[in-house]
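J.: Here you go, final_12.txt (compact mmCIF, N, CA and C atoms and all ligand atoms):
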# COMPACT_ATOMS: atom_id res chain seq x y z
N MET A 263 9.89 9.64 -2.62
CA MET A 263 8.87 8.86 -3.35
C MET A 263 7.48 9.38 -2.98
N SER A 264 6.58 9.43 -3.95
CA SER A 264 5.25 9.99 -3.68
C SER A 264 4.44 9.04 -2.81
N GLU A 265 3.47 9.64 -2.12
CA GLU A 265 2.64 8.91 -1.18
C GLU A 265 1.77 7.89 -1.92
N THR A 266 1.61 6.74 -1.31
CA THR A 266 0.74 5.72 -1.92
C THR A 266 -0.70 5.90 -1.43
N ILE A 267 -1.59 5.20 -2.12
CA ILE A 267 -3.01 5.27 -1.74
C ILE A 267 -3.23 4.70 -0.32
N PHE A 268 -2.38 3.75 0.09
CA PHE A 268 -2.56 3.17 1.43
C PHE A 268 -2.18 4.17 2.52
N GLU A 269 -1.20 5.03 2.26
CA GLU A 269 -0.88 6.06 3.25
C GLU A 269 -2.05 7.05 3.38
N LYS A 270 -2.72 7.32 2.29
CA LYS A 270 -3.91 8.20 2.36
C LYS A 270 -5.02 7.51 3.16
N ILE A 271 -5.16 6.21 3.02
CA ILE A 271 -6.16 5.47 3.81
C ILE A 271 -5.77 5.50 5.29
N ILE A 272 -4.49 5.29 5.58
CA ILE A 272 -4.02 5.30 6.98
C ILE A 272 -4.32 6.66 7.63
N LYS A 273 -4.14 7.73 6.86
CA LYS A 273 -4.38 9.09 7.40
C LYS A 273 -5.85 9.50 7.33
N LYS A 274 -6.71 8.56 6.89
CA LYS A 274 -8.16 8.79 6.78
C LYS A 274 -8.50 9.87 5.76
N GLU A 275 -7.63 10.10 4.82
CA GLU A 275 -7.90 11.07 3.76
C GLU A 275 -8.83 10.47 2.70
N ILE A 276 -8.77 9.14 2.56
CA ILE A 276 -9.74 8.46 1.70
C ILE A 276 -10.29 7.27 2.48
N PRO A 277 -11.53 6.86 2.17
CA PRO A 277 -12.17 5.83 2.99
C PRO A 277 -11.71 4.41 2.66
N ALA A 278 -11.94 3.54 3.61
CA ALA A 278 -11.69 2.11 3.39
C ALA A 278 -12.66 1.35 4.29
N TYR A 279 -12.86 0.08 3.96
CA TYR A 279 -13.75 -0.78 4.75
C TYR A 279 -12.89 -1.49 5.81
N VAL A 280 -12.73 -0.78 6.95
CA VAL A 280 -11.77 -1.23 7.97
C VAL A 280 -12.34 -2.41 8.75
N VAL A 281 -11.53 -3.43 8.95
CA VAL A 281 -11.94 -4.57 9.78
C VAL A 281 -11.14 -4.64 11.09
N TYR A 282 -9.98 -3.98 11.14
CA TYR A 282 -9.17 -4.00 12.36
C TYR A 282 -8.23 -2.80 12.36
N GLU A 283 -8.04 -2.20 13.54
CA GLU A 283 -7.09 -1.09 13.65
C GLU A 283 -6.54 -1.02 15.06
N ASP A 284 -5.24 -0.79 15.17
CA ASP A 284 -4.64 -0.44 16.46
C ASP A 284 -3.55 0.59 16.17
N ASP A 285 -2.67 0.84 17.13
CA ASP A 285 -1.67 1.90 16.96
C ASP A 285 -0.69 1.62 15.82
N VAL A 286 -0.46 0.35 15.55
CA VAL A 286 0.61 -0.03 14.61
C VAL A 286 0.07 -0.57 13.29
N VAL A 287 -1.11 -1.19 13.35
CA VAL A 287 -1.60 -2.00 12.22
C VAL A 287 -2.99 -1.53 11.80
N LEU A 288 -3.23 -1.60 10.48
CA LEU A 288 -4.57 -1.36 9.93
C LEU A 288 -4.90 -2.53 9.00
N ALA A 289 -6.15 -2.97 9.03
CA ALA A 289 -6.60 -4.01 8.10
C ALA A 289 -7.92 -3.57 7.50
N PHE A 290 -8.02 -3.68 6.18
CA PHE A 290 -9.26 -3.28 5.49
C PHE A 290 -9.48 -4.17 4.28
N LEU A 291 -10.72 -4.16 3.79
CA LEU A 291 -11.05 -4.99 2.64
C LEU A 291 -10.29 -4.53 1.41
N ASP A 292 -9.71 -5.49 0.68
CA ASP A 292 -9.14 -5.18 -0.63
C ASP A 292 -10.28 -4.90 -1.58
N ILE A 293 -10.18 -3.77 -2.28
CA ILE A 293 -11.27 -3.35 -3.15
C ILE A 293 -11.55 -4.37 -4.26
N SER A 294 -10.55 -5.15 -4.62
CA SER A 294 -10.74 -6.12 -5.72
C SER A 294 -11.53 -7.35 -5.26
N GLN A 295 -11.54 -7.66 -3.95
CA GLN A 295 -12.27 -8.83 -3.44
C GLN A 295 -12.05 -10.05 -4.35
N VAL A 296 -10.80 -10.45 -4.48
CA VAL A 296 -10.46 -11.64 -5.28
C VAL A 296 -11.39 -12.80 -4.89
N THR A 297 -11.59 -12.96 -3.60
CA THR A 297 -12.70 -13.78 -3.10
C THR A 297 -13.37 -12.96 -1.99
N PRO A 298 -14.63 -13.25 -1.68
CA PRO A 298 -15.32 -12.44 -0.66
C PRO A 298 -14.62 -12.52 0.71
N GLY A 299 -14.33 -11.34 1.27
CA GLY A 299 -13.61 -11.27 2.55
C GLY A 299 -12.13 -10.97 2.39
N HIS A 300 -11.64 -10.92 1.16
CA HIS A 300 -10.23 -10.59 0.86
C HIS A 300 -9.84 -9.31 1.60
N THR A 301 -8.84 -9.43 2.47
CA THR A 301 -8.46 -8.36 3.40
C THR A 301 -6.97 -8.07 3.29
N LEU A 302 -6.60 -6.81 3.46
CA LEU A 302 -5.19 -6.40 3.49
C LEU A 302 -4.82 -6.01 4.91
N VAL A 303 -3.65 -6.46 5.35
CA VAL A 303 -3.12 -6.12 6.67
C VAL A 303 -1.82 -5.35 6.45
N LEU A 304 -1.70 -4.16 7.05
CA LEU A 304 -0.50 -3.38 6.79
C LEU A 304 -0.04 -2.60 8.01
N PRO A 305 1.27 -2.31 8.05
CA PRO A 305 1.77 -1.44 9.11
C PRO A 305 1.39 0.00 8.80
N LYS A 306 1.10 0.79 9.84
CA LYS A 306 0.83 2.21 9.60
C LYS A 306 2.13 2.94 9.24
N LYS A 307 3.23 2.49 9.81
CA LYS A 307 4.53 3.07 9.45
C LYS A 307 4.84 2.72 8.00
N HIS A 308 5.42 3.67 7.28
CA HIS A 308 5.70 3.37 5.87
C HIS A 308 6.90 2.45 5.73
N VAL A 309 6.64 1.28 5.19
CA VAL A 309 7.69 0.39 4.70
C VAL A 309 7.24 -0.03 3.31
N ALA A 310 8.13 0.04 2.35
CA ALA A 310 7.73 -0.21 0.96
C ALA A 310 7.44 -1.68 0.71
N ASP A 311 8.23 -2.54 1.30
CA ASP A 311 8.09 -3.98 1.04
C ASP A 311 8.76 -4.76 2.17
N ILE A 312 8.78 -6.07 2.06
CA ILE A 312 9.25 -6.93 3.16
C ILE A 312 10.72 -6.65 3.49
N PHE A 313 11.48 -6.16 2.51
CA PHE A 313 12.91 -5.91 2.73
C PHE A 313 13.14 -4.73 3.67
N ASP A 314 12.11 -3.93 3.91
CA ASP A 314 12.21 -2.70 4.70
C ASP A 314 11.89 -2.88 6.19
N TYR A 315 11.29 -4.01 6.56
CA TYR A 315 10.85 -4.18 7.96
C TYR A 315 12.04 -4.42 8.87
N ASP A 316 11.94 -3.91 10.11
CA ASP A 316 12.84 -4.44 11.14
C ASP A 316 12.07 -5.54 11.88
N GLY A 317 12.78 -6.28 12.70
CA GLY A 317 12.18 -7.45 13.35
C GLY A 317 11.00 -7.10 14.23
N ASP A 318 11.09 -5.97 14.94
CA ASP A 318 10.01 -5.60 15.86
C ASP A 318 8.73 -5.27 15.09
N LEU A 319 8.86 -4.51 14.00
CA LEU A 319 7.67 -4.17 13.23
C LEU A 319 7.06 -5.42 12.61
N ALA A 320 7.92 -6.28 12.08
CA ALA A 320 7.42 -7.53 11.48
C ALA A 320 6.69 -8.37 12.53
N ALA A 321 7.28 -8.46 13.73
CA ALA A 321 6.66 -9.26 14.79
C ALA A 321 5.29 -8.71 15.13
N THR A 322 5.18 -7.39 15.24
CA THR A 322 3.90 -6.79 15.60
C THR A 322 2.86 -7.01 14.50
N VAL A 323 3.25 -6.72 13.25
CA VAL A 323 2.29 -6.85 12.15
C VAL A 323 1.85 -8.31 12.01
N PHE A 324 2.81 -9.23 12.00
CA PHE A 324 2.44 -10.63 11.78
C PHE A 324 1.68 -11.21 12.97
N SER A 325 1.89 -10.64 14.16
CA SER A 325 1.17 -11.16 15.33
C SER A 325 -0.33 -10.91 15.23
N ARG A 326 -0.74 -9.92 14.44
CA ARG A 326 -2.17 -9.62 14.30
C ARG A 326 -2.87 -10.57 13.31
N ILE A 327 -2.11 -11.25 12.50
CA ILE A 327 -2.72 -12.00 11.39
C ILE A 327 -3.61 -13.15 11.85
N PRO A 328 -3.20 -13.97 12.82
CA PRO A 328 -4.09 -15.08 13.19
C PRO A 328 -5.48 -14.63 13.64
N LYS A 329 -5.57 -13.56 14.44
CA LYS A 329 -6.91 -13.17 14.92
C LYS A 329 -7.74 -12.56 13.80
N ILE A 330 -7.09 -11.85 12.89
CA ILE A 330 -7.83 -11.33 11.74
C ILE A 330 -8.28 -12.49 10.85
N ALA A 331 -7.40 -13.46 10.65
CA ALA A 331 -7.73 -14.64 9.83
C ALA A 331 -8.92 -15.39 10.44
N ARG A 332 -8.90 -15.56 11.75
CA ARG A 332 -10.02 -16.28 12.40
C ARG A 332 -11.32 -15.52 12.24
N ALA A 333 -11.25 -14.19 12.33
CA ALA A 333 -12.47 -13.37 12.16
C ALA A 333 -12.99 -13.50 10.73
N ILE A 334 -12.09 -13.47 9.76
CA ILE A 334 -12.51 -13.62 8.36
C ILE A 334 -13.21 -14.97 8.19
N ARG A 335 -12.64 -16.02 8.79
CA ARG A 335 -13.21 -17.37 8.62
C ARG A 335 -14.64 -17.45 9.14
N THR A 336 -14.93 -16.68 10.19
CA THR A 336 -16.29 -16.74 10.74
C THR A 336 -17.30 -16.03 9.86
N PHE A 337 -16.82 -15.20 8.92
CA PHE A 337 -17.71 -14.37 8.13
C PHE A 337 -18.58 -15.21 7.18
N ASP A 338 -18.04 -16.38 6.74
CA ASP A 338 -18.84 -17.23 5.85
C ASP A 338 -18.48 -18.69 6.10
N PRO A 339 -19.45 -19.51 6.49
CA PRO A 339 -19.14 -20.92 6.75
C PRO A 339 -18.63 -21.66 5.52
N ALA A 340 -18.80 -21.06 4.34
CA ALA A 340 -18.31 -21.71 3.11
C ALA A 340 -16.79 -21.58 2.96
N ILE A 341 -16.16 -20.75 3.82
CA ILE A 341 -14.70 -20.59 3.72
C ILE A 341 -14.02 -21.87 4.21
N LYS A 342 -13.18 -22.43 3.33
CA LYS A 342 -12.53 -23.72 3.63
C LYS A 342 -11.03 -23.58 3.85
N GLY A 343 -10.48 -22.40 3.56
CA GLY A 343 -9.04 -22.18 3.73
C GLY A 343 -8.72 -20.72 3.52
N LEU A 344 -7.42 -20.38 3.61
CA LEU A 344 -7.02 -18.98 3.49
C LEU A 344 -5.60 -18.94 2.93
N ASN A 345 -5.42 -18.21 1.85
CA ASN A 345 -4.06 -17.97 1.36
C ASN A 345 -3.56 -16.64 1.91
N ILE A 346 -2.31 -16.62 2.37
CA ILE A 346 -1.66 -15.40 2.85
C ILE A 346 -0.54 -15.08 1.86
N LEU A 347 -0.59 -13.86 1.34
CA LEU A 347 0.30 -13.53 0.23
C LEU A 347 0.85 -12.13 0.45
N CYS A 348 2.15 -11.97 0.20
CA CYS A 348 2.77 -10.64 0.31
C CYS A 348 3.62 -10.45 -0.94
N ASN A 349 3.19 -9.57 -1.81
CA ASN A 349 3.91 -9.33 -3.06
C ASN A 349 4.97 -8.27 -2.81
N ASN A 350 6.18 -8.54 -3.29
CA ASN A 350 7.31 -7.63 -3.05
C ASN A 350 8.04 -7.34 -4.34
N GLY A 351 7.85 -6.13 -4.85
CA GLY A 351 8.45 -5.76 -6.12
C GLY A 351 7.46 -5.94 -7.26
N ALA A 352 7.59 -5.06 -8.26
CA ALA A 352 6.65 -5.08 -9.38
C ALA A 352 6.64 -6.43 -10.08
N LEU A 353 7.81 -7.06 -10.22
CA LEU A 353 7.86 -8.36 -10.89
C LEU A 353 7.04 -9.40 -10.13
N ALA A 354 6.96 -9.23 -8.81
CA ALA A 354 6.22 -10.15 -7.96
C ALA A 354 4.79 -9.68 -7.75
N TYR A 355 4.30 -8.84 -8.67
CA TYR A 355 2.91 -8.37 -8.70
C TYR A 355 2.57 -7.32 -7.66
N GLN A 356 3.59 -6.72 -7.01
CA GLN A 356 3.26 -5.62 -6.10
C GLN A 356 2.89 -4.39 -6.94
N SER A 357 1.75 -3.79 -6.61
CA SER A 357 1.30 -2.61 -7.35
C SER A 357 1.17 -1.39 -6.45
N VAL A 358 1.07 -1.59 -5.14
CA VAL A 358 1.03 -0.48 -4.19
C VAL A 358 2.26 -0.62 -3.29
N PHE A 359 3.12 0.41 -3.31
CA PHE A 359 4.43 0.27 -2.68
C PHE A 359 4.44 0.79 -1.24
N HIS A 360 3.43 0.37 -0.52
CA HIS A 360 3.39 0.43 0.95
C HIS A 360 3.06 -1.01 1.34
N SER A 361 3.96 -1.65 2.04
CA SER A 361 3.85 -3.10 2.25
C SER A 361 2.49 -3.50 2.83
N HIS A 362 1.99 -4.63 2.35
CA HIS A 362 0.70 -5.14 2.82
C HIS A 362 0.66 -6.64 2.61
N ILE A 363 -0.15 -7.28 3.43
CA ILE A 363 -0.29 -8.73 3.37
C ILE A 363 -1.73 -9.05 2.99
N HIS A 364 -1.88 -9.84 1.94
CA HIS A 364 -3.21 -10.24 1.49
C HIS A 364 -3.67 -11.46 2.28
N LEU A 365 -4.89 -11.40 2.82
CA LEU A 365 -5.54 -12.57 3.41
C LEU A 365 -6.71 -12.91 2.49
N ILE A 366 -6.61 -14.03 1.81
CA ILE A 366 -7.58 -14.36 0.76
C ILE A 366 -8.31 -15.64 1.12
N PRO A 367 -9.56 -15.52 1.56
CA PRO A 367 -10.32 -16.72 1.92
C PRO A 367 -10.54 -17.60 0.70
N ARG A 368 -10.52 -18.91 0.91
CA ARG A 368 -10.71 -19.85 -0.19
C ARG A 368 -11.99 -20.66 0.02
N TYR A 369 -12.75 -20.73 -1.02
CA TYR A 369 -14.09 -21.33 -0.99
C TYR A 369 -14.15 -22.66 -1.72
N THR A 370 -13.57 -22.68 -2.92
CA THR A 370 -13.57 -23.89 -3.75
C THR A 370 -12.28 -23.92 -4.55
N GLU A 371 -11.97 -25.07 -5.15
CA GLU A 371 -10.75 -25.16 -5.98
C GLU A 371 -10.80 -24.20 -7.15
N ASP A 372 -11.99 -23.90 -7.64
CA ASP A 372 -12.08 -23.04 -8.82
C ASP A 372 -12.68 -21.67 -8.48
N ASP A 373 -12.45 -21.19 -7.23
CA ASP A 373 -12.83 -19.80 -6.95
C ASP A 373 -11.85 -18.88 -7.68
N SER A 374 -11.92 -17.58 -7.44
CA SER A 374 -11.18 -16.65 -8.32
C SER A 374 -9.71 -16.47 -7.99
N PHE A 375 -9.18 -17.21 -7.03
CA PHE A 375 -7.75 -17.10 -6.70
C PHE A 375 -6.96 -18.19 -7.40
N GLY A 376 -5.82 -17.82 -7.99
CA GLY A 376 -4.97 -18.82 -8.65
C GLY A 376 -3.51 -18.57 -8.35
N LEU A 377 -2.73 -19.65 -8.37
CA LEU A 377 -1.29 -19.55 -8.08
C LEU A 377 -0.59 -20.67 -8.83
N LYS A 378 0.44 -20.32 -9.59
CA LYS A 378 1.22 -21.37 -10.27
C LYS A 378 2.32 -21.83 -9.34
N TRP A 379 2.47 -23.11 -9.14
CA TRP A 379 3.43 -23.63 -8.16
C TRP A 379 4.14 -24.82 -8.77
N ALA A 380 5.24 -24.54 -9.47
CA ALA A 380 5.96 -25.62 -10.17
C ALA A 380 6.81 -26.42 -9.19
N ASP A 381 6.97 -27.70 -9.43
CA ASP A 381 7.91 -28.53 -8.66
C ASP A 381 9.12 -28.78 -9.56
N ASN A 382 10.23 -28.07 -9.30
CA ASN A 382 11.45 -28.21 -10.11
C ASN A 382 12.49 -29.06 -9.41
N SER A 383 12.07 -29.84 -8.40
CA SER A 383 13.06 -30.57 -7.60
C SER A 383 13.87 -31.58 -8.43
N ALA A 384 13.30 -32.05 -9.54
CA ALA A 384 14.04 -33.01 -10.38
C ALA A 384 15.26 -32.36 -11.03
N ASP A 385 15.30 -31.02 -11.07
CA ASP A 385 16.40 -30.31 -11.72
C ASP A 385 17.57 -30.02 -10.77
N TYR A 386 17.43 -30.39 -9.47
CA TYR A 386 18.44 -30.00 -8.48
C TYR A 386 19.13 -31.22 -7.87
N THR A 387 20.46 -31.15 -7.75
CA THR A 387 21.22 -32.16 -7.01
C THR A 387 21.33 -31.71 -5.56
N PRO A 388 21.65 -32.63 -4.63
CA PRO A 388 21.88 -32.20 -3.24
C PRO A 388 22.96 -31.12 -3.15
N GLU A 389 23.99 -31.21 -3.99
CA GLU A 389 25.07 -30.21 -3.96
C GLU A 389 24.54 -28.83 -4.36
N GLN A 390 23.66 -28.80 -5.32
CA GLN A 390 23.09 -27.50 -5.73
C GLN A 390 22.24 -26.91 -4.60
N TYR A 391 21.42 -27.76 -3.96
CA TYR A 391 20.64 -27.26 -2.81
C TYR A 391 21.58 -26.71 -1.74
N GLU A 392 22.66 -27.48 -1.44
CA GLU A 392 23.59 -27.05 -0.40
C GLU A 392 24.25 -25.72 -0.74
N ALA A 393 24.63 -25.55 -2.00
CA ALA A 393 25.30 -24.30 -2.42
C ALA A 393 24.34 -23.12 -2.29
N ILE A 394 23.09 -23.29 -2.68
CA ILE A 394 22.11 -22.20 -2.57
C ILE A 394 21.89 -21.86 -1.10
N ALA A 395 21.65 -22.89 -0.29
CA ALA A 395 21.37 -22.66 1.14
C ALA A 395 22.55 -21.97 1.82
N ALA A 396 23.78 -22.40 1.49
CA ALA A 396 24.97 -21.82 2.13
C ALA A 396 25.11 -20.35 1.75
N LYS A 397 24.85 -20.03 0.49
CA LYS A 397 24.99 -18.65 0.02
C LYS A 397 24.00 -17.72 0.72
N ILE A 398 22.78 -18.22 0.93
CA ILE A 398 21.78 -17.42 1.64
C ILE A 398 22.13 -17.35 3.13
N ALA A 399 22.49 -18.50 3.70
CA ALA A 399 22.75 -18.57 5.15
C ALA A 399 23.85 -17.60 5.57
N GLU A 400 24.88 -17.45 4.74
CA GLU A 400 26.00 -16.57 5.14
C GLU A 400 25.60 -15.10 5.13
N LYS A 401 24.45 -14.78 4.56
CA LYS A 401 24.00 -13.39 4.49
C LYS A 401 22.92 -13.06 5.51
N ILE A 402 22.49 -14.05 6.32
CA ILE A 402 21.48 -13.76 7.34
C ILE A 402 22.08 -12.79 8.37
N GLU A 403 21.36 -11.66 8.60
CA GLU A 403 21.88 -10.63 9.51
C GLU A 403 21.76 -11.08 10.96
N GLU A 404 22.68 -10.58 11.79
CA GLU A 404 22.59 -10.79 13.23
C GLU A 404 21.36 -10.04 13.77
N ASP A 405 20.73 -10.55 14.83
CA ASP A 405 19.62 -9.82 15.46
C ASP A 405 20.17 -8.62 16.22
P1 LIG A 501 -0.49 -5.64 -4.64
O1 LIG A 501 -0.70 -5.88 -6.11
O2 LIG A 501 -0.02 -6.85 -3.89
O3 LIG A 501 0.38 -4.42 -4.40
O4 LIG A 501 -1.93 -5.35 -4.05
C1 LIG A 501 -2.52 -4.09 -4.07
C2 LIG A 501 -3.96 -4.29 -3.78
O5 LIG A 501 -4.51 -3.05 -3.38
C3 LIG A 501 -4.79 -4.78 -4.98
O6 LIG A 501 -5.31 -6.06 -4.70
C4 LIG A 501 -5.90 -3.72 -5.09
O7 LIG A 501 -7.16 -4.27 -5.36
C5 LIG A 501 -5.86 -3.07 -3.73
N1 LIG A 501 -6.33 -1.68 -3.68
C6 LIG A 501 -5.94 -0.65 -4.46
N2 LIG A 501 -6.57 0.47 -4.10
C7 LIG A 501 -7.36 0.16 -3.04
C8 LIG A 501 -8.25 0.90 -2.22
N3 LIG A 501 -8.48 2.21 -2.38
N4 LIG A 501 -8.90 0.24 -1.22
C9 LIG A 501 -8.69 -1.07 -1.03
N5 LIG A 501 -7.85 -1.83 -1.77
C10 LIG A 501 -7.19 -1.22 -2.77
The structure given in the file should be rewritten as structure tokens.

T.:
Amino acid sequence: MSETIFEKIIKKEIPAYVVYEDDVVLAFLDISQVTPGHTLVLPKKHVADIFDYDGDLAATVFSRIPKIARAIRTFDPAIKGLNILCNNGALAYQSVFHSHIHLIPRYTEDDSFGLKWADNSADYTPEQYEAIAAKIAEKIEED
């Protein structure tokens, strides 16, 4: 598979507005700035999406998120919350196939971030919930 733009950023072949870097993780401003301070956090190792991580890499990448989130919050006192989003697969709006986590500061109810969140619970019986949970549970891999 051809190299993504994020691998070029990791290798410093193209610039980015870096906010955090260590041996494993890089974080930089998302060029779209859905809201001011919108930041991407990604592993330097190539993983295409969440299905590709092993537990150690996930633990390391996700362990950096709280401190980056706190730093983003200090950037503007108008920040009232933060959405954390990881798109996996084109259908789920992933457009760059090097895994990354969006940290999107929230300012007001009508700022530029939106998410549709339907409540379909009226369509499910307890038996249906149990069947779905059991089917997923039996596929959880051993550590
Ligand atoms: P996704 O749709 O979840 O794969 O998100 C990809 C994100 O990468 C989008 O929000 C883009 O704005 C962002 N993006 C693409 N190219 C760059 C770049 N050169 N620097 C920073 N962000 C970028």

J.: What do you get as a list in words if you pick all residues at most 5 Å from ligand LIG 501 (chain A), counting all atoms listed in the file?

T.: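 Here is the list of contacting residues: Leu291, Asp292, Ile293, Ser294, Asn349, Tyr355, Gln356, Ser357 and Val358 of chain A.
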
J.: Under the rule that only N, CA and C atoms are counted, which of A:Gly351, A:Val287, A:Asp314, A:Gly299 is the nearest residue to Arg326 of chain A?

T.: A:Val287

J.: Between atom N of Ile334 of chain A and atom CA of Ala352 of chain A, what distance in Å does the model show, to one decimal?

T.: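 Atom CA of Ala352 of chain A lies at a distance of 28.1 Å from atom N of Ile334 of chain A.
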
J.: I'd like the contact shell of Val323 of chain A - 8 Å cut-off, all atoms listed in the file, skipping same-chain residues fewer than 5 positions apart - returned as a list in words.

T.: Val286, Val287, Leu288, Val303, Leu304, Pro305, Gly317, Asp318 and Pro328 of chain A

J.: So how far away is atom CA of Val296 of chain A from atom CA of Phe337 of chain A, in Å?

T.: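 Those two atoms sit 15.5 Å apart.
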
J.: Between atom N of Ser325 of chain A and atom N of Tyr279 of chain A, what is the distance, to one decimal in Å?

T.: 20.9 Å

J.: Dump as a ChimeraX atom specification all residues having an atom at most 9 Å from (-18.6, -21.3, 1.2), computed in the file's coordinates with only C-alpha atoms.

T.: /A:338-342,368-370

J.: So that I can see what lies close to Asn345 of chain A, please list as a PyMOL selection string the residues with an atom at most 6 Å from it, counting all atoms listed in the file and leaving out residues fewer than 3 positions away in the same chain.

T.: chain A and resi 364-368

J.: Could you give me, as a list in words, the residues within 6.5 Å of Phe359 of chain A, counting all atoms listed in the file and dropping anything in the same chain fewer than 3 positions from it?

T.: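 Residues meeting the cut-off are Thr266, Val309, Ala310, Asp311 and Gln356 of chain A.
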
J.: Next, the residues of the selection above should be written as a compact mmCIF listing (two decimals), in the frame of the given file with N, CA and C atoms.

T.:
# COMPACT_ATOMS: atom_id res chain seq x y z
N THR A 266 1.61 6.74 -1.31
CA THR A 266 0.74 5.72 -1.92
C THR A 266 -0.70 5.90 -1.43
N VAL A 309 6.64 1.28 5.19
CA VAL A 309 7.69 0.39 4.70
C VAL A 309 7.24 -0.03 3.31
N ALA A 310 8.13 0.04 2.35
CA ALA A 310 7.73 -0.21 0.96
C ALA A 310 7.44 -1.68 0.71
N ASP A 311 8.23 -2.54 1.30
CA ASP A 311 8.09 -3.98 1.04
C ASP A 311 8.76 -4.76 2.17
N GLN A 356 3.59 -6.72 -7.01
CA GLN A 356 3.26 -5.62 -6.10
C GLN A 356 2.89 -4.39 -6.94

J.: Which one is closest to Ala331 of chain A: A:Leu353, A:Ala396, A:Glu389, A:Leu344? Count all atoms listed in the file.

T.: A:Leu344
